[in-house]
>>> print(open('input-v1.txt').read())   # compact mmCIF, N, CA and C atoms
# COMPACT_ATOMS: atom_id res chain seq x y z
N MET A 28 227.49 -16.17 168.96
CA MET A 28 226.08 -16.54 169.00
C MET A 28 225.24 -15.28 168.79
N PRO A 29 224.19 -15.35 167.96
CA PRO A 29 223.40 -14.15 167.68
C PRO A 29 222.57 -13.74 168.88
N ARG A 30 222.44 -12.43 169.03
CA ARG A 30 221.55 -11.91 170.08
C ARG A 30 220.12 -12.02 169.58
N LYS A 31 219.24 -12.26 170.49
CA LYS A 31 217.82 -12.34 170.15
C LYS A 31 217.21 -10.96 170.25
N SER A 32 216.18 -10.72 169.43
CA SER A 32 215.49 -9.44 169.53
C SER A 32 214.76 -9.38 170.86
N THR A 33 214.50 -8.16 171.30
CA THR A 33 213.84 -7.98 172.59
C THR A 33 212.33 -8.11 172.49
N ALA A 34 211.79 -8.16 171.28
CA ALA A 34 210.35 -8.24 171.10
C ALA A 34 209.87 -9.68 171.27
N LYS A 35 208.79 -9.84 171.98
CA LYS A 35 208.18 -11.15 172.14
C LYS A 35 207.40 -11.46 170.85
N PRO A 36 207.22 -12.75 170.52
CA PRO A 36 206.56 -13.11 169.26
C PRO A 36 205.19 -12.48 169.05
N THR A 37 204.41 -12.30 170.12
CA THR A 37 203.07 -11.75 169.97
C THR A 37 203.00 -10.26 170.27
N GLU A 38 204.12 -9.68 170.65
CA GLU A 38 204.15 -8.28 171.04
C GLU A 38 204.19 -7.38 169.80
N LYS A 39 203.42 -6.30 169.84
CA LYS A 39 203.49 -5.33 168.76
C LYS A 39 204.82 -4.60 168.84
N ILE A 40 205.35 -4.26 167.70
CA ILE A 40 206.63 -3.58 167.67
C ILE A 40 206.48 -2.32 166.83
N ARG A 41 207.07 -1.25 167.29
CA ARG A 41 207.02 0.00 166.54
C ARG A 41 207.85 -0.15 165.28
N LEU A 42 207.40 0.47 164.20
CA LEU A 42 208.09 0.37 162.92
C LEU A 42 209.54 0.81 163.04
N GLU A 43 209.75 1.94 163.68
CA GLU A 43 211.11 2.46 163.79
C GLU A 43 212.02 1.50 164.55
N GLU A 44 211.49 0.95 165.64
CA GLU A 44 212.25 -0.01 166.43
C GLU A 44 212.57 -1.25 165.60
N GLY A 45 211.57 -1.72 164.87
CA GLY A 45 211.76 -2.90 164.03
C GLY A 45 212.80 -2.68 162.96
N LEU A 46 212.79 -1.49 162.36
CA LEU A 46 213.78 -1.19 161.32
C LEU A 46 215.19 -1.15 161.91
N HIS A 47 215.31 -0.61 163.11
CA HIS A 47 216.63 -0.60 163.77
C HIS A 47 217.09 -2.03 164.07
N LEU A 48 216.15 -2.87 164.51
CA LEU A 48 216.50 -4.27 164.77
C LEU A 48 216.94 -4.97 163.49
N LEU A 49 216.24 -4.70 162.38
CA LEU A 49 216.63 -5.30 161.11
C LEU A 49 218.02 -4.83 160.68
N GLU A 50 218.29 -3.54 160.86
CA GLU A 50 219.61 -3.02 160.53
C GLU A 50 220.69 -3.71 161.37
N ASP A 51 220.39 -3.94 162.64
CA ASP A 51 221.34 -4.62 163.51
C ASP A 51 221.57 -6.05 163.05
N ILE A 52 220.52 -6.73 162.66
CA ILE A 52 220.63 -8.10 162.17
C ILE A 52 221.52 -8.15 160.93
N VAL A 53 221.27 -7.24 159.99
CA VAL A 53 222.07 -7.20 158.77
C VAL A 53 223.54 -6.93 159.09
N SER A 54 223.77 -6.00 159.99
CA SER A 54 225.14 -5.67 160.38
C SER A 54 225.85 -6.89 160.97
N ARG A 55 225.14 -7.63 161.82
CA ARG A 55 225.75 -8.81 162.42
C ARG A 55 225.98 -9.90 161.38
N MET A 56 225.09 -10.02 160.40
CA MET A 56 225.27 -11.02 159.34
C MET A 56 226.46 -10.67 158.46
N GLU A 57 226.72 -9.38 158.28
CA GLU A 57 227.83 -8.94 157.43
C GLU A 57 229.18 -9.08 158.11
N ASN A 58 229.18 -9.30 159.40
CA ASN A 58 230.42 -9.45 160.15
C ASN A 58 231.10 -10.75 159.73
N PRO A 59 232.34 -10.68 159.27
CA PRO A 59 233.04 -11.89 158.83
C PRO A 59 233.21 -12.94 159.93
N ALA A 60 233.14 -12.54 161.18
CA ALA A 60 233.29 -13.48 162.29
C ALA A 60 232.01 -14.27 162.57
N THR A 61 230.90 -13.88 161.95
CA THR A 61 229.63 -14.58 162.18
C THR A 61 229.66 -15.93 161.47
N THR A 62 229.35 -16.97 162.21
CA THR A 62 229.36 -18.33 161.65
C THR A 62 228.15 -18.54 160.75
N LEU A 63 228.21 -19.58 159.95
CA LEU A 63 227.09 -19.91 159.08
C LEU A 63 225.84 -20.21 159.90
N ASP A 64 225.99 -20.98 160.98
CA ASP A 64 224.83 -21.29 161.83
C ASP A 64 224.22 -20.02 162.41
N ASP A 65 225.07 -19.11 162.86
CA ASP A 65 224.57 -17.85 163.41
C ASP A 65 223.91 -17.01 162.32
N SER A 66 224.49 -17.01 161.13
CA SER A 66 223.91 -16.27 160.01
C SER A 66 222.52 -16.79 159.67
N LEU A 67 222.38 -18.11 159.68
CA LEU A 67 221.06 -18.69 159.40
C LEU A 67 220.05 -18.32 160.47
N ALA A 68 220.46 -18.34 161.73
CA ALA A 68 219.57 -17.95 162.82
C ALA A 68 219.19 -16.48 162.70
N LEU A 69 220.16 -15.65 162.36
CA LEU A 69 219.89 -14.22 162.18
C LEU A 69 218.95 -14.00 161.00
N TYR A 70 219.15 -14.75 159.92
CA TYR A 70 218.28 -14.62 158.76
C TYR A 70 216.84 -14.96 159.13
N LYS A 71 216.65 -16.06 159.86
CA LYS A 71 215.30 -16.45 160.30
C LYS A 71 214.70 -15.36 161.18
N GLU A 72 215.49 -14.84 162.10
CA GLU A 72 215.01 -13.77 162.98
C GLU A 72 214.59 -12.55 162.15
N GLY A 73 215.40 -12.22 161.14
CA GLY A 73 215.09 -11.07 160.29
C GLY A 73 213.81 -11.28 159.48
N VAL A 74 213.64 -12.47 158.95
CA VAL A 74 212.42 -12.77 158.18
C VAL A 74 211.20 -12.69 159.08
N ASP A 75 211.29 -13.28 160.28
CA ASP A 75 210.17 -13.23 161.23
C ASP A 75 209.82 -11.78 161.58
N LEU A 76 210.84 -10.98 161.80
CA LEU A 76 210.64 -9.57 162.13
C LEU A 76 210.02 -8.82 160.95
N ALA A 77 210.50 -9.09 159.75
CA ALA A 77 209.97 -8.42 158.55
C ALA A 77 208.49 -8.76 158.35
N VAL A 78 208.13 -10.01 158.61
CA VAL A 78 206.72 -10.42 158.49
C VAL A 78 205.88 -9.67 159.52
N LYS A 79 206.38 -9.59 160.75
CA LYS A 79 205.65 -8.89 161.81
C LYS A 79 205.46 -7.41 161.44
N LEU A 80 206.51 -6.80 160.90
CA LEU A 80 206.41 -5.38 160.51
C LEU A 80 205.44 -5.20 159.35
N ALA A 81 205.45 -6.11 158.40
CA ALA A 81 204.53 -6.02 157.27
C ALA A 81 203.08 -6.14 157.75
N GLU A 82 202.84 -7.02 158.70
CA GLU A 82 201.49 -7.16 159.26
C GLU A 82 201.07 -5.87 159.96
N GLY A 83 201.99 -5.25 160.69
CA GLY A 83 201.70 -3.99 161.36
C GLY A 83 201.38 -2.88 160.36
N LEU A 84 202.13 -2.84 159.27
CA LEU A 84 201.86 -1.83 158.24
C LEU A 84 200.50 -2.06 157.59
N LYS A 85 200.17 -3.32 157.35
CA LYS A 85 198.86 -3.65 156.76
C LYS A 85 197.73 -3.21 157.69
N ALA A 86 197.90 -3.45 158.99
CA ALA A 86 196.88 -3.04 159.96
C ALA A 86 196.76 -1.52 159.99
N ALA A 87 197.88 -0.82 159.93
CA ALA A 87 197.85 0.64 159.93
C ALA A 87 197.16 1.16 158.67
N GLU A 88 197.42 0.52 157.56
CA GLU A 88 196.77 0.90 156.30
C GLU A 88 195.26 0.79 156.42
N GLY A 89 194.79 -0.29 157.02
CA GLY A 89 193.35 -0.47 157.22
C GLY A 89 192.77 0.57 158.16
N GLU A 90 193.52 0.92 159.19
CA GLU A 90 193.06 1.93 160.14
C GLU A 90 192.95 3.29 159.47
N VAL A 91 193.91 3.62 158.62
CA VAL A 91 193.86 4.89 157.89
C VAL A 91 192.64 4.92 156.98
N ALA A 92 192.35 3.82 156.32
CA ALA A 92 191.19 3.77 155.44
C ALA A 92 189.90 3.98 156.22
N VAL A 93 189.79 3.36 157.39
CA VAL A 93 188.59 3.52 158.22
C VAL A 93 188.45 4.97 158.67
N LEU A 94 189.54 5.56 159.14
CA LEU A 94 189.49 6.95 159.59
C LEU A 94 189.13 7.89 158.45
N THR A 95 189.65 7.60 157.27
CA THR A 95 189.34 8.42 156.10
C THR A 95 187.86 8.34 155.77
N GLU A 96 187.31 7.15 155.80
CA GLU A 96 185.89 6.97 155.52
C GLU A 96 185.02 7.66 156.57
N GLN A 97 185.43 7.59 157.82
CA GLN A 97 184.67 8.19 158.90
C GLN A 97 184.68 9.71 158.81
N SER A 98 185.72 10.27 158.24
CA SER A 98 185.83 11.72 158.18
C SER A 98 184.89 12.31 157.13
N GLY A 99 184.38 11.47 156.23
CA GLY A 99 183.47 11.94 155.20
C GLY A 99 184.17 12.62 154.04
N LYS A 100 185.45 12.67 154.08
CA LYS A 100 186.21 13.27 152.99
C LYS A 100 186.72 12.16 152.08
N ILE A 101 186.96 12.52 150.85
CA ILE A 101 187.46 11.54 149.91
C ILE A 101 188.96 11.76 149.72
N PHE A 102 189.70 10.74 150.06
CA PHE A 102 191.15 10.72 149.84
C PHE A 102 191.47 9.44 149.09
N GLU A 103 192.63 9.41 148.52
CA GLU A 103 193.07 8.17 147.89
C GLU A 103 193.19 7.11 148.98
N LYS A 104 192.49 5.98 148.82
CA LYS A 104 192.44 4.98 149.86
C LYS A 104 193.39 3.80 149.59
N THR A 105 193.98 3.79 148.43
CA THR A 105 194.94 2.73 148.16
C THR A 105 196.34 3.30 148.34
N PHE A 106 197.24 2.44 148.70
CA PHE A 106 198.61 2.85 148.95
C PHE A 106 199.51 2.22 147.91
N ALA A 107 200.45 3.01 147.44
CA ALA A 107 201.40 2.49 146.44
C ALA A 107 202.23 1.38 147.08
N ARG A 108 202.42 0.34 146.35
CA ARG A 108 203.25 -0.77 146.83
C ARG A 108 204.44 -0.87 145.91
N GLY A 109 205.55 -1.21 146.53
CA GLY A 109 206.71 -1.43 145.67
C GLY A 109 207.85 -0.73 146.12
>>> encode(input="input-v1.txt", output="structure tokens")
Amino acid sequence: MPRKSTAKPTEKIRLEEGLHLLEDIVSRMENPATTLDDSLALYKEGVDLAVKLAEGLKAAEGEVAVLTEQSGKIFEKTFARG
């Protein structure tokens, strides 16, 4: 049976912690002993976590833009995607 992540659905998660959790999920999915049902549950958990991390990155991007504008200096305000 897959282990659940320790993060609550509404709780903010640090990027580094989230990446470690994703690595753990992938590792468990790659285990030949993992059942199809468990793999599907792990996949859903991974997608939910990836969405949460993407939202956190988007919020951080906006915060950087605000801080940049407040500083009065001109920096590149768009971030490369891809």
>>> residues_around(input="input-v1.txt", residues="stretch 53-56 of chain A", least_positions_apart="2", cutoff="9 Å", atoms="only C-alpha atoms", output="list in words")
Pro29, Leu48, Leu49, Glu50, Asp51, Asn58, Pro59, Ala60, Thr61, Thr62, Asp65, Ser66, Leu67, Leu69, Tyr70 and Gly73 of chain A
>>> atom_distance(input="input-v1.txt", atom1="atom N of A:Arg41", atom2="atom N of A:Lys85")
12.3 Å
>>> closest_residue(input="input-v1.txt", among="A:Leu94, A:Ile40, A:Ile52, A:His47", to="A:Glu72", atoms="only N, CA and C atoms")
A:Ile52
>>> closest_residue(input="input-v1.txt", among="A:Leu63, A:Lys39, A:Val91, A:Gly45", to="A:Ala77", atoms="only N, CA and C atoms")
A:Gly45
>>> atom_distance(input="input-v1.txt", atom1="atom N of A:Leu42", atom2="atom CA of A:Leu84")
8.5 Å
>>> atom_distance(input="input-v1.txt", atom1="atom C of A:Glu44", atom2="atom CA of A:Leu80")
9.0 Å
>>> axis_aligned_box(input="input-v1.txt", around="stretch 40-49 of chain A", padding_each_side="4 Å", output="AutoDock Vina command-line options")
--center_x 211.7 --center_y -1.4 --center_z 164.2 --size_x 20.7 --size_y 15.8 --size_z 15.0
>>> build_atoms(input="input-v1.txt", residues="stretch 75-95 of chain A", atoms="N, CA, C and O atoms", output="PDB file, keeping the file's coordinate frame")
ATOM      1  N   ASP A  75     211.290 -13.280 160.280  1.00  0.00           N
ATOM      2  CA  ASP A  75     210.170 -13.230 161.230  1.00  0.00           C
ATOM      3  C   ASP A  75     209.820 -11.780 161.580  1.00  0.00           C
ATOM      4  O   ASP A  75     208.644 -11.402 161.623  1.00  0.00           O
ATOM      5  N   LEU A  76     210.840 -10.980 161.800  1.00  0.00           N
ATOM      6  CA  LEU A  76     210.640  -9.570 162.130  1.00  0.00           C
ATOM      7  C   LEU A  76     210.020  -8.820 160.950  1.00  0.00           C
ATOM      8  O   LEU A  76     209.099  -8.020 161.120  1.00  0.00           O
ATOM      9  N   ALA A  77     210.500  -9.090 159.750  1.00  0.00           N
ATOM     10  CA  ALA A  77     209.970  -8.420 158.550  1.00  0.00           C
ATOM     11  C   ALA A  77     208.490  -8.760 158.350  1.00  0.00           C
ATOM     12  O   ALA A  77     207.685  -7.890 157.998  1.00  0.00           O
ATOM     13  N   VAL A  78     208.130 -10.010 158.610  1.00  0.00           N
ATOM     14  CA  VAL A  78     206.720 -10.420 158.490  1.00  0.00           C
ATOM     15  C   VAL A  78     205.880  -9.670 159.520  1.00  0.00           C
ATOM     16  O   VAL A  78     204.797  -9.153 159.201  1.00  0.00           O
ATOM     17  N   LYS A  79     206.380  -9.590 160.750  1.00  0.00           N
ATOM     18  CA  LYS A  79     205.650  -8.890 161.810  1.00  0.00           C
ATOM     19  C   LYS A  79     205.460  -7.410 161.440  1.00  0.00           C
ATOM     20  O   LYS A  79     204.380  -6.850 161.611  1.00  0.00           O
ATOM     21  N   LEU A  80     206.510  -6.800 160.900  1.00  0.00           N
ATOM     22  CA  LEU A  80     206.410  -5.380 160.510  1.00  0.00           C
ATOM     23  C   LEU A  80     205.440  -5.200 159.350  1.00  0.00           C
ATOM     24  O   LEU A  80     204.671  -4.230 159.341  1.00  0.00           O
ATOM     25  N   ALA A  81     205.450  -6.110 158.400  1.00  0.00           N
ATOM     26  CA  ALA A  81     204.530  -6.020 157.270  1.00  0.00           C
ATOM     27  C   ALA A  81     203.080  -6.140 157.750  1.00  0.00           C
ATOM     28  O   ALA A  81     202.199  -5.421 157.257  1.00  0.00           O
ATOM     29  N   GLU A  82     202.840  -7.020 158.700  1.00  0.00           N
ATOM     30  CA  GLU A  82     201.490  -7.160 159.260  1.00  0.00           C
ATOM     31  C   GLU A  82     201.070  -5.870 159.960  1.00  0.00           C
ATOM     32  O   GLU A  82     199.920  -5.444 159.854  1.00  0.00           O
ATOM     33  N   GLY A  83     201.990  -5.250 160.690  1.00  0.00           N
ATOM     34  CA  GLY A  83     201.700  -3.990 161.360  1.00  0.00           C
ATOM     35  C   GLY A  83     201.380  -2.880 160.360  1.00  0.00           C
ATOM     36  O   GLY A  83     200.467  -2.086 160.586  1.00  0.00           O
ATOM     37  N   LEU A  84     202.130  -2.840 159.270  1.00  0.00           N
ATOM     38  CA  LEU A  84     201.860  -1.830 158.240  1.00  0.00           C
ATOM     39  C   LEU A  84     200.500  -2.060 157.590  1.00  0.00           C
ATOM     40  O   LEU A  84     199.770  -1.114 157.313  1.00  0.00           O
ATOM     41  N   LYS A  85     200.170  -3.320 157.350  1.00  0.00           N
ATOM     42  CA  LYS A  85     198.860  -3.650 156.760  1.00  0.00           C
ATOM     43  C   LYS A  85     197.730  -3.210 157.690  1.00  0.00           C
ATOM     44  O   LYS A  85     196.728  -2.648 157.245  1.00  0.00           O
ATOM     45  N   ALA A  86     197.900  -3.450 158.990  1.00  0.00           N
ATOM     46  CA  ALA A  86     196.880  -3.040 159.960  1.00  0.00           C
ATOM     47  C   ALA A  86     196.760  -1.520 159.990  1.00  0.00           C
ATOM     48  O   ALA A  86     195.645  -0.976 160.053  1.00  0.00           O
ATOM     49  N   ALA A  87     197.880  -0.820 159.930  1.00  0.00           N
ATOM     50  CA  ALA A  87     197.850   0.640 159.930  1.00  0.00           C
ATOM     51  C   ALA A  87     197.160   1.160 158.670  1.00  0.00           C
ATOM     52  O   ALA A  87     196.401   2.131 158.719  1.00  0.00           O
ATOM     53  N   GLU A  88     197.420   0.520 157.560  1.00  0.00           N
ATOM     54  CA  GLU A  88     196.770   0.900 156.300  1.00  0.00           C
ATOM     55  C   GLU A  88     195.260   0.790 156.420  1.00  0.00           C
ATOM     56  O   GLU A  88     194.518   1.688 156.016  1.00  0.00           O
ATOM     57  N   GLY A  89     194.790  -0.290 157.020  1.00  0.00           N
ATOM     58  CA  GLY A  89     193.350  -0.470 157.220  1.00  0.00           C
ATOM     59  C   GLY A  89     192.770   0.570 158.160  1.00  0.00           C
ATOM     60  O   GLY A  89     191.670   1.079 157.942  1.00  0.00           O
ATOM     61  N   GLU A  90     193.520   0.920 159.190  1.00  0.00           N
ATOM     62  CA  GLU A  90     193.060   1.930 160.140  1.00  0.00           C
ATOM     63  C   GLU A  90     192.950   3.290 159.470  1.00  0.00           C
ATOM     64  O   GLU A  90     191.997   4.036 159.706  1.00  0.00           O
ATOM     65  N   VAL A  91     193.910   3.620 158.620  1.00  0.00           N
ATOM     66  CA  VAL A  91     193.860   4.890 157.890  1.00  0.00           C
ATOM     67  C   VAL A  91     192.640   4.920 156.980  1.00  0.00           C
ATOM     68  O   VAL A  91     191.940   5.937 156.908  1.00  0.00           O
ATOM     69  N   ALA A  92     192.350   3.820 156.320  1.00  0.00           N
ATOM     70  CA  ALA A  92     191.190   3.770 155.440  1.00  0.00           C
ATOM     71  C   ALA A  92     189.900   3.980 156.220  1.00  0.00           C
ATOM     72  O   ALA A  92     189.016   4.713 155.781  1.00  0.00           O
ATOM     73  N   VAL A  93     189.790   3.360 157.390  1.00  0.00           N
ATOM     74  CA  VAL A  93     188.590   3.520 158.220  1.00  0.00           C
ATOM     75  C   VAL A  93     188.450   4.970 158.670  1.00  0.00           C
ATOM     76  O   VAL A  93     187.375   5.570 158.582  1.00  0.00           O
ATOM     77  N   LEU A  94     189.540   5.560 159.140  1.00  0.00           N
ATOM     78  CA  LEU A  94     189.490   6.950 159.590  1.00  0.00           C
ATOM     79  C   LEU A  94     189.130   7.890 158.450  1.00  0.00           C
ATOM     80  O   LEU A  94     188.396   8.860 158.635  1.00  0.00           O
ATOM     81  N   THR A  95     189.650   7.600 157.270  1.00  0.00           N
ATOM     82  CA  THR A  95     189.340   8.420 156.100  1.00  0.00           C
ATOM     83  C   THR A  95     187.860   8.340 155.770  1.00  0.00           C
ATOM     84  O   THR A  95     187.215   9.358 155.515  1.00  0.00           O
TER      85      THR A  95
END
